[in-house]
Amino acid sequence: MEPTVEHRKHQRHHVNFPGVYLANSVQVKEAIVLDLSIGGCRVASTIPMSPDSAIQLQIRPQHVAPISIPSAIVRWASGYAFGVQFRDLSEHESSALTRLLWSLPASGRESLSNPPSEI
């Protein structure tokens with residue numbers, strides 16, 4: 001059996017943050033943001049999503065201001081979980097997300113491109 005090759009651009013961080021998303025004018029309040037990176041995340045929800053669906057997402061980590069992702073697209077879906085790719089993050093959103101990722105335990109931070117002092 002051959003080893004699995006990771007093709008992602010960005011390091012994923014295993015998180016478990018509450019979230020809210022808007023899809024097709026329906027706001028879903030019970031979502032959990034998982035496997036977060038600067039480029040996207042995995043979301044578990046009470047409503048299944050279809051690939052290629054456009055969504056807006058708000059990540060609500062404890063002790064940190066919510067981070068709004070105004071444009072994202074569902075890239076894959078399996079049951080009540082789906083993978084989201086963030087699109088067109090503004091500098092403000094990108095900086096907030098980078099700061100959040102840097103605040104996580106050090107085990108996964110070494111792959112981020114900008115240390116906090118350069119943000």
# chains A, B, ... in the order shown; residues from 1 in each chain; ligands from 1

$ closest_atom_pairs --of "stretch 17-48 of chain A" --to "stretch 62-83 of chain A" --cutoff "6 Å" --atoms "only C-alpha atoms" --output "Markdown table"
| residue | atom | partner | partner_atom | distance |
| --- | --- | --- | --- | --- |
| A:Cys41 | CA | A:Gly83 | CA | 5.9 |
| A:Arg42 | CA | A:Gly83 | CA | 4.4 |
| A:Val43 | CA | A:Phe82 | CA | 5.4 |
| A:Ala44 | CA | A:Ala81 | CA | 4.3 |
| A:Ser45 | CA | A:Tyr80 | CA | 5.5 |
| A:Pro48 | CA | A:Tyr80 | CA | 4.6 |

$ residues_around --residues "A:Tyr21" --least-positions-apart "2" --cutoff "8 Å" --atoms "only C-alpha atoms" --output "JSON list (two decimals) with N, CA and C atoms, in the first residue's frame"
[["chain", "number", "residue", "atom", "x", "y", "z"],
["A", 19, "GLY", "N", -19.40, 27.76, 14.67],
["A", 19, "GLY", "CA", -19.49, 28.58, 13.47],
["A", 19, "GLY", "C", -20.93, 28.75, 13.04],
["A", 23, "ALA", "N", -26.10, 29.90, 3.46],
["A", 23, "ALA", "CA", -26.11, 29.26, 2.15],
["A", 23, "ALA", "C", -27.52, 29.32, 1.60],
["A", 27, "GLN", "N", -29.61, 30.66, 7.09],
["A", 27, "GLN", "CA", -28.53, 30.74, 8.06],
["A", 27, "GLN", "C", -28.56, 29.50, 8.93],
["A", 28, "VAL", "N", -27.44, 28.81, 9.00],
["A", 28, "VAL", "CA", -27.32, 27.62, 9.82],
["A", 28, "VAL", "C", -26.53, 27.99, 11.07],
["A", 29, "LYS", "N", -27.13, 27.81, 12.23],
["A", 29, "LYS", "CA", -26.51, 28.26, 13.47],
["A", 29, "LYS", "C", -25.74, 27.16, 14.19],
["A", 31, "ALA", "N", -23.05, 24.85, 13.53],
["A", 31, "ALA", "CA", -21.96, 24.34, 12.72],
["A", 31, "ALA", "C", -20.70, 24.30, 13.57],
["A", 55, "ILE", "N", -21.03, 29.76, 0.03],
["A", 55, "ILE", "CA", -21.47, 30.07, 1.39],
["A", 55, "ILE", "C", -20.71, 31.28, 1.93],
["A", 56, "GLN", "N", -21.26, 31.85, 2.98],
["A", 56, "GLN", "CA", -20.58, 32.83, 3.82],
["A", 56, "GLN", "C", -20.44, 32.15, 5.19],
["A", 57, "LEU", "N", -19.29, 32.32, 5.82],
["A", 57, "LEU", "CA", -18.99, 31.60, 7.05],
["A", 57, "LEU", "C", -18.49, 32.57, 8.11],
["A", 58, "GLN", "N", -18.92, 32.35, 9.35],
["A", 58, "GLN", "CA", -18.35, 33.08, 10.47],
["A", 58, "GLN", "C", -17.80, 32.05, 11.45]]

$ select_by_dssp --residues "stretch 6-85 of chain A" --states "strand (DSSP E or B)" --output "PyMOL selection string"
chain A and resi 13+17-23+26-34+36+40-45+54-59+67-78+81-85

$ write_last_selection --atoms "N, CA and C atoms" --output "short mmCIF file (atom, residue, chain, number, x, y, z; two decimals), in the first residue's frame"
data_model
loop_
_atom_site.label_atom_id
_atom_site.label_comp_id
_atom_site.auth_asym_id
_atom_site.auth_seq_id
_atom_site.Cartn_x
_atom_site.Cartn_y
_atom_site.Cartn_z
N HIS A 13 -4.92 22.89 10.79
CA HIS A 13 -4.85 22.86 12.25
C HIS A 13 -6.16 22.26 12.75
N PHE A 17 -14.19 24.81 16.63
CA PHE A 17 -14.77 26.12 16.90
C PHE A 17 -16.23 26.16 16.46
N PRO A 18 -17.08 26.81 17.23
CA PRO A 18 -18.44 27.04 16.75
C PRO A 18 -18.40 27.92 15.50
N GLY A 19 -19.40 27.76 14.67
CA GLY A 19 -19.49 28.58 13.47
C GLY A 19 -20.93 28.75 13.04
N VAL A 20 -21.12 29.69 12.16
CA VAL A 20 -22.42 29.97 11.54
C VAL A 20 -22.14 30.17 10.06
N TYR A 21 -23.01 29.64 9.22
CA TYR A 21 -22.84 29.92 7.79
C TYR A 21 -24.18 30.22 7.14
N LEU A 22 -24.08 30.90 6.03
CA LEU A 22 -25.24 31.29 5.24
C LEU A 22 -25.10 30.66 3.86
N ALA A 23 -26.10 29.90 3.46
CA ALA A 23 -26.11 29.26 2.15
C ALA A 23 -27.52 29.32 1.60
N VAL A 26 -30.29 30.72 3.72
CA VAL A 26 -30.62 30.03 4.95
C VAL A 26 -29.42 30.10 5.88
N GLN A 27 -29.61 30.66 7.09
CA GLN A 27 -28.53 30.74 8.06
C GLN A 27 -28.56 29.50 8.93
N VAL A 28 -27.44 28.81 9.00
CA VAL A 28 -27.32 27.62 9.82
C VAL A 28 -26.53 27.99 11.07
N LYS A 29 -27.13 27.81 12.23
CA LYS A 29 -26.51 28.26 13.47
C LYS A 29 -25.74 27.16 14.19
N GLU A 30 -25.92 25.94 13.81
CA GLU A 30 -25.24 24.84 14.48
C GLU A 30 -24.20 24.23 13.55
N ALA A 31 -23.05 24.85 13.53
CA ALA A 31 -21.96 24.34 12.72
C ALA A 31 -20.70 24.30 13.57
N ILE A 32 -19.82 23.37 13.26
CA ILE A 32 -18.54 23.26 13.94
C ILE A 32 -17.45 23.36 12.87
N VAL A 33 -16.51 24.27 13.09
CA VAL A 33 -15.39 24.45 12.16
C VAL A 33 -14.26 23.54 12.63
N LEU A 34 -13.75 22.73 11.69
CA LEU A 34 -12.71 21.75 11.97
C LEU A 34 -11.59 21.89 10.93
N LEU A 36 -8.85 23.73 10.27
CA LEU A 36 -8.76 25.09 9.76
C LEU A 36 -7.39 25.40 9.19
N GLY A 40 -8.88 27.37 3.92
CA GLY A 40 -10.19 26.73 4.02
C GLY A 40 -10.34 25.97 5.31
N CYS A 41 -11.39 25.15 5.38
CA CYS A 41 -11.65 24.38 6.59
C CYS A 41 -12.62 23.25 6.27
N ARG A 42 -12.81 22.41 7.26
CA ARG A 42 -13.85 21.39 7.21
C ARG A 42 -14.93 21.85 8.17
N VAL A 43 -16.19 21.68 7.79
CA VAL A 43 -17.32 22.10 8.61
C VAL A 43 -18.23 20.90 8.83
N ALA A 44 -18.67 20.73 10.07
CA ALA A 44 -19.70 19.75 10.39
C ALA A 44 -20.97 20.53 10.70
N SER A 45 -22.09 20.09 10.16
CA SER A 45 -23.32 20.86 10.28
C SER A 45 -24.52 19.94 10.42
N ALA A 54 -22.01 27.99 -2.85
CA ALA A 54 -21.36 29.19 -2.31
C ALA A 54 -21.91 29.44 -0.91
N ILE A 55 -21.03 29.76 0.03
CA ILE A 55 -21.47 30.07 1.39
C ILE A 55 -20.71 31.28 1.93
N GLN A 56 -21.26 31.85 2.98
CA GLN A 56 -20.58 32.83 3.82
C GLN A 56 -20.44 32.15 5.19
N LEU A 57 -19.29 32.32 5.82
CA LEU A 57 -18.99 31.60 7.05
C LEU A 57 -18.49 32.57 8.11
N GLN A 58 -18.92 32.35 9.35
CA GLN A 58 -18.35 33.08 10.47
C GLN A 58 -17.80 32.05 11.45
N ILE A 59 -16.51 32.19 11.75
CA ILE A 59 -15.83 31.32 12.70
C ILE A 59 -15.85 32.03 14.05
N ILE A 67 -14.43 35.66 13.16
CA ILE A 67 -13.79 35.92 11.87
C ILE A 67 -14.80 35.62 10.79
N SER A 68 -15.07 36.61 9.96
CA SER A 68 -16.05 36.46 8.88
C SER A 68 -15.34 36.12 7.58
N ILE A 69 -15.85 35.10 6.93
CA ILE A 69 -15.38 34.68 5.60
C ILE A 69 -16.54 34.97 4.65
N PRO A 70 -16.48 36.10 3.92
CA PRO A 70 -17.63 36.51 3.12
C PRO A 70 -17.87 35.67 1.87
N SER A 71 -16.85 34.94 1.42
CA SER A 71 -17.01 34.17 0.20
C SER A 71 -16.21 32.87 0.29
N ALA A 72 -16.93 31.76 0.21
CA ALA A 72 -16.30 30.45 0.24
C ALA A 72 -17.11 29.51 -0.64
N ILE A 73 -16.47 28.42 -1.04
CA ILE A 73 -17.16 27.45 -1.88
C ILE A 73 -16.94 26.05 -1.32
N VAL A 74 -18.00 25.26 -1.31
CA VAL A 74 -17.92 23.88 -0.86
C VAL A 74 -17.23 23.07 -1.95
N ARG A 75 -16.12 22.43 -1.59
CA ARG A 75 -15.35 21.64 -2.55
C ARG A 75 -15.68 20.15 -2.50
N TRP A 76 -16.09 19.66 -1.33
CA TRP A 76 -16.49 18.26 -1.19
C TRP A 76 -17.50 18.16 -0.05
N ALA A 77 -18.28 17.11 -0.06
CA ALA A 77 -19.25 16.89 1.00
C ALA A 77 -19.39 15.39 1.24
N SER A 78 -19.55 15.04 2.52
CA SER A 78 -19.74 13.65 2.91
C SER A 78 -20.66 13.64 4.13
N ALA A 81 -20.73 16.61 6.85
CA ALA A 81 -19.45 17.33 6.86
C ALA A 81 -19.11 17.76 5.44
N PHE A 82 -18.43 18.89 5.32
CA PHE A 82 -18.02 19.35 4.00
C PHE A 82 -16.77 20.20 4.10
N GLY A 83 -16.01 20.20 3.02
CA GLY A 83 -14.78 20.98 2.94
C GLY A 83 -15.03 22.27 2.20
N VAL A 84 -14.50 23.36 2.74
CA VAL A 84 -14.74 24.70 2.21
C VAL A 84 -13.40 25.34 1.81
N GLN A 85 -13.39 25.95 0.65
CA GLN A 85 -12.24 26.75 0.21
C GLN A 85 -12.62 28.21 0.31
#

$ select_by_dssp --residues "stretch 69-113 of chain A" --states "alpha helix (DSSP H)" --output "list in words"
Glu91, His92, Glu93, Ser94, Ser95, Ala96, Leu97, Thr98, Arg99, Leu100, Leu101, Trp102 and Ser103 of chain A

$ closest_residue --among "A:Thr46, A:Ser103, A:Ser37, A:Ser53" --to "A:Ser25" --atoms "only C-alpha atoms"
A:Ser53
